[in-house]
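Data block below; observations after.
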Amino acid sequence: MVIGMESAKESERSPAPRRPTPHGPAPQGPTPRRPTPRRPVPRRPSLRRVVLASLAGSVVLGGFAVLLPRYVPRDTPPPAPGPVARAMTAAGAGVPAALPDLVALIGDREAYLRAHPRSPEAAQTWALLGAAYVERGQRTSDSAFFPKADQALRASLKVRQQRNPDALNGLAALAGARHDFTAAKKWGEEAVRLAPKRWTSYPALIDAYTGLGDVKAAGRSLETLVTLRTGTVALTQAGQVYRERGWREDAATTLSDAAALARTPAEEALCLHRAGDLAWERGDPAAALRFYDTALRADPDRHETVAARARALAALGRTQDAVRAYKTAQAKRSAPEYALELGELYESQRMDAQARTEYDRVRSRVRERAADGVEDGLLLGLFEADHGDPEVAVQGLRAEWKRVGSGRAADALAWALHRAGNDKEALEFARKAAEKGPRTALASYHRAEIERALGDEGGARRHLDEALRTNPYFSPLLAPRARDEREALGDAPPGGPEEVEAPPGAPVELPTPAPRPKPPAKR
């Protein structure tokens, strides 16, 4: 390298000899310096040249020129994604997919696994398929999809036994859909242990805690969720937690915000449906009907919204429209709660034969769902207490209370005990239901009836007023009875403290407690 540099310097000091021209010897004298040529300014390639170059490159790369038949402006929107892509996007965002998209996704993933059973993506694909089965079973009220979901999720765990939070999240959601909240808690907590920073691990766990009546644990998990995820998913989950705690105004505001931020029609419909449920629970069936109608315009395949709409129509006195709506919901897929509500509507209209048909359907659907692993003990216990054998209801609801321990289970057991004639124990569970929550119009009515049977007319008045103030349309059968019984009790007698119970929140004078004895001295 050093030699080469010295030769270059010598050539700079001694000019090269003049080369002869074709017309004679080379002229003598100093060589005139040639002007330094100017660098040409690069010209901007025309659009036509760019397209032609692209076409030429496409031919070289295998004939992709057919993909560029003409120039596409930059502001042209991309083609709309297909149903499988839309469902995949919804699954990644943790929001419900449209039912036709969900069906397409299931078919696509089933075909993929048949063609690639040993794919490196098999574990994730099995988990996605299992979660899709769970959602489809819930959306259609078809519990036959739950065993399929269980098989798919366990296949995912078999392929990848370690660090598979997707499969664990799916198993937690499946257990929640089957009302097995203890198993849902186990799977959800395991998923959180493996991936504490993944927001997808928390929604199913929050639902499990809520189903078990553990509102404090649900609140703690919600706090973690909102630090990891914002938007519709977190707001929808917060709305449900607030609802269970009885914070209905906060829940309504949160769900309204969630609906405004929804990106898909199915996501918006879910938020609107839950907002309609809140309006129903606070005794505004007209507002509830508006929410349900808007939800169905966004997603016509929501059968549960069709049934909820029927409930609101019945409260507004539009009985025939309500019956038609219930039958439409059952035609999509009959859930036992739809049959129970329709049967009670028939019974309120003294259509006993039609009511018995629906009550028979309740029992048959519960049996079918039990074969698919669904626990309907709470629904069946309330049904037996009102329309069957109260003793059978007590037996089943005692097991449900031990299994779940929620406020709803305590309320149902209290009512069954009252119907079986055991009012003293019934009052104990009614008080537990009030402590755990949520405080619903139905639970207040149940407690009022228990207190009336025990001769506590003051308590009965207060809780009948609470039930009718919360939702005067809470049941087509029981709400009219509540109004009649409240009228029969009349006003509270003047002055008698033994006859009157203090209203909620009023200061109560308690007797001074006796001094506690001193502990024995240590020897």
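Convention: chains lettered A, B, ... in structure tokens order; per-chain residue numbering from 1; ligands numbered from 1 as shown.
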DSSP-assigned helix (DSSP H, G or I) members of stretch 283-482 of chain A, reported as a PyMOL selection string:
chain A and resi 285-298+303-315+319-332+336-348+352-371+377-387+390-403+407-419+423-436+441-453+457-470+478-482
So, counting only C-alpha atoms, which residue among A:Asp423, A:Cys271, A:Ala259, A:Ala467 is closest to A:Arg452?
A:Asp423
Extract, using only C-alpha atoms, all DNA, RNA and protein residues at most 6 Å from stretch 154-157 of chain A, discarding same-chain residues fewer than 6 positions from it, and format them as a PDB file with N, CA and C atoms, in the first residue's frame.
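And here is the file that came out, out.pdb:
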ATOM      1  N   ALA A 123     -49.569 -24.958  19.591  1.00  0.00           N
ATOM      2  CA  ALA A 123     -50.025 -24.647  20.950  1.00  0.00           C
ATOM      3  C   ALA A 123     -50.859 -23.373  20.959  1.00  0.00           C
ATOM      4  N   TRP A 126     -54.231 -24.027  19.058  1.00  0.00           N
ATOM      5  CA  TRP A 126     -55.193 -24.762  19.881  1.00  0.00           C
ATOM      6  C   TRP A 126     -55.808 -23.838  20.940  1.00  0.00           C
ATOM      7  N   ALA A 127     -54.994 -22.992  21.561  1.00  0.00           N
ATOM      8  CA  ALA A 127     -55.522 -22.080  22.581  1.00  0.00           C
ATOM      9  C   ALA A 127     -56.510 -21.090  21.979  1.00  0.00           C
TER      10      ALA A 127
END
Mind checking which residues fall within 10 Å of stretch 235-241 of chain A, counting only C-alpha atoms, ignoring those fewer than 5 positions away in the same chain, and posting them as a ChimeraX atom specification?
/A:95,202-204,206-207,209-210,215-216,218-219,222-223,225-226,229-230,246-259,261,267,270-271,274-275,278
Close residues, A:Leu272 itself excluded, 7 Å, only C-alpha atoms, min 5 positions apart in chain, as a list of chain:residue names:
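Returned residues: A:Ala259, A:Phe291, A:Tyr292, A:Ala295.
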Close residues, A:Ala173 itself excluded, 9 Å, only C-alpha atoms, min 5 positions apart in chain, as JSON, numbers by chain
{"A": [131, 134, 135, 168, 178, 184, 187, 188, 203, 204, 205, 207, 208]}
Judged by only C-alpha atoms, the minimum distance to A:Arg403 among A:His179, A:Lys424, A:Arg481, A:His387 is found for A:His179
Point out the residue among A:Glu375, A:Glu337, A:Asp277, A:Asp284 with the least atom-to-atom distance to A:Glu358, counting only C-alpha atoms.
A:Glu337
Looking at only C-alpha atoms, which of A:Gln349, A:Thr470, A:Thr264, A:Gln354 is the one that sits closest to A:Ala97?
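Ranking A:Gln349, A:Thr470, A:Thr264, A:Gln354 by distance to A:Ala97, first place goes to A:Thr264.
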Taken to one decimal, the atom CA of A:Asp301-atom CA of A:Thr319 distance is 22.7 Å
Just want the 10 Å neighbourhood of A:Thr125, counted on only C-alpha atoms, with same-chain residues fewer than 5 positions away dropped. Output as a list in words.
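Once the nearby chain positions are removed, what remains is Arg109, Glu110, Tyr112, Leu113, Ser119, Pro120, Gly130, Ala131, Ala152, Leu153, Ala155, Ser156, Asp166 and Ala167 of chain A.
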Restricting it to all heavy atoms, dump the selection as a tab-separated table (two decimals), in the first residue's frame.
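Wrote it out as again01.tsv, contents follow:
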chain	number	residue	atom	x	y	z
A	109	ARG	N	-59.25	-22.20	11.74
A	109	ARG	CA	-58.27	-22.79	12.64
A	109	ARG	C	-58.40	-24.31	12.68
A	109	ARG	O	-57.40	-25.02	12.82
A	109	ARG	CB	-58.42	-22.21	14.04
A	109	ARG	CG	-58.11	-20.72	14.15
A	109	ARG	CD	-56.66	-20.41	13.82
A	109	ARG	NE	-56.43	-20.25	12.38
A	109	ARG	CZ	-55.23	-20.14	11.84
A	109	ARG	NH1	-54.15	-20.23	12.59
A	109	ARG	NH2	-55.10	-19.99	10.53
A	110	GLU	N	-59.62	-24.83	12.57
A	110	GLU	CA	-59.79	-26.28	12.50
A	110	GLU	C	-59.09	-26.84	11.26
A	110	GLU	O	-58.40	-27.87	11.33
A	110	GLU	CB	-61.27	-26.63	12.49
A	110	GLU	CG	-61.99	-26.43	13.81
A	110	GLU	CD	-63.48	-26.67	13.71
A	110	GLU	OE1	-64.02	-26.59	12.58
A	110	GLU	OE2	-64.11	-26.92	14.75
A	112	TYR	N	-56.61	-25.49	9.62
A	112	TYR	CA	-55.17	-25.33	9.77
A	112	TYR	C	-54.58	-26.47	10.61
A	112	TYR	O	-53.53	-27.03	10.27
A	112	TYR	CB	-54.86	-23.99	10.42
A	112	TYR	CG	-53.39	-23.77	10.69
A	112	TYR	CD1	-52.55	-23.27	9.70
A	112	TYR	CD2	-52.83	-24.07	11.93
A	112	TYR	CE1	-51.19	-23.08	9.94
A	112	TYR	CE2	-51.48	-23.89	12.18
A	112	TYR	CZ	-50.66	-23.39	11.18
A	112	TYR	OH	-49.33	-23.21	11.42
A	113	LEU	N	-55.23	-26.81	11.70
A	113	LEU	CA	-54.70	-27.86	12.57
A	113	LEU	C	-54.80	-29.24	11.91
A	113	LEU	O	-53.95	-30.10	12.16
A	113	LEU	CB	-55.45	-27.85	13.91
A	113	LEU	CG	-55.10	-26.67	14.82
A	113	LEU	CD1	-56.09	-26.57	15.96
A	113	LEU	CD2	-53.68	-26.83	15.35
A	119	SER	N	-47.38	-28.26	13.66
A	119	SER	CA	-46.85	-26.92	13.41
A	119	SER	C	-46.24	-26.32	14.67
A	119	SER	O	-46.70	-26.60	15.79
A	119	SER	CB	-47.99	-26.02	12.93
A	119	SER	OG	-47.61	-24.66	12.97
A	120	PRO	N	-45.18	-25.51	14.52
A	120	PRO	CA	-44.64	-24.82	15.71
A	120	PRO	C	-45.66	-23.91	16.39
A	120	PRO	O	-45.49	-23.57	17.56
A	120	PRO	CB	-43.47	-24.01	15.14
A	120	PRO	CG	-43.10	-24.71	13.87
A	120	PRO	CD	-44.37	-25.27	13.32
A	130	GLY	N	-59.73	-22.96	21.23
A	130	GLY	CA	-60.50	-23.22	22.44
A	130	GLY	C	-61.21	-21.97	22.94
A	130	GLY	O	-62.39	-22.03	23.33
A	131	ALA	N	-60.54	-20.84	22.93
A	131	ALA	CA	-61.18	-19.59	23.36
A	131	ALA	C	-62.33	-19.23	22.44
A	131	ALA	O	-63.37	-18.71	22.89
A	131	ALA	CB	-60.14	-18.47	23.39
A	152	ALA	N	-59.68	-28.63	23.15
A	152	ALA	CA	-58.72	-27.80	22.44
A	152	ALA	C	-57.72	-27.16	23.41
A	152	ALA	O	-56.51	-27.13	23.14
A	152	ALA	CB	-59.46	-26.72	21.64
A	153	LEU	N	-58.20	-26.66	24.52
A	153	LEU	CA	-57.31	-25.99	25.47
A	153	LEU	C	-56.35	-26.97	26.12
A	153	LEU	O	-55.18	-26.66	26.35
A	153	LEU	CB	-58.14	-25.26	26.51
A	153	LEU	CG	-58.96	-24.07	25.95
A	153	LEU	CD1	-60.00	-23.61	26.96
A	153	LEU	CD2	-58.04	-22.92	25.58
A	155	ALA	N	-55.33	-29.70	24.69
A	155	ALA	CA	-54.38	-30.05	23.63
A	155	ALA	C	-53.27	-29.00	23.56
A	155	ALA	O	-52.10	-29.34	23.33
A	155	ALA	CB	-55.10	-30.16	22.29
A	156	SER	N	-53.62	-27.75	23.75
A	156	SER	CA	-52.60	-26.69	23.78
A	156	SER	C	-51.62	-26.92	24.93
A	156	SER	O	-50.40	-26.79	24.76
A	156	SER	CB	-53.27	-25.33	23.91
A	156	SER	OG	-52.31	-24.30	24.00
A	166	ASP	N	-51.86	-18.46	27.50
A	166	ASP	CA	-53.03	-18.39	26.62
A	166	ASP	C	-54.00	-19.53	26.91
A	166	ASP	O	-55.22	-19.33	26.99
A	166	ASP	CB	-52.59	-18.44	25.16
A	166	ASP	CG	-51.87	-17.17	24.74
A	166	ASP	OD1	-52.17	-16.10	25.29
A	166	ASP	OD2	-50.99	-17.26	23.86
A	167	ALA	N	-53.46	-20.74	27.07
A	167	ALA	CA	-54.32	-21.88	27.39
A	167	ALA	C	-54.93	-21.73	28.78
A	167	ALA	O	-56.11	-22.06	28.98
A	167	ALA	CB	-53.53	-23.17	27.29
Atomic distance atom CA of A:Gly407 - atom CA of A:Glu428, expressed in Å with one decimal
12.2 Å
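A straight line drawn from atom CA of A:Ala331 to atom CA of A:Ala286 is 24.8 Å long.
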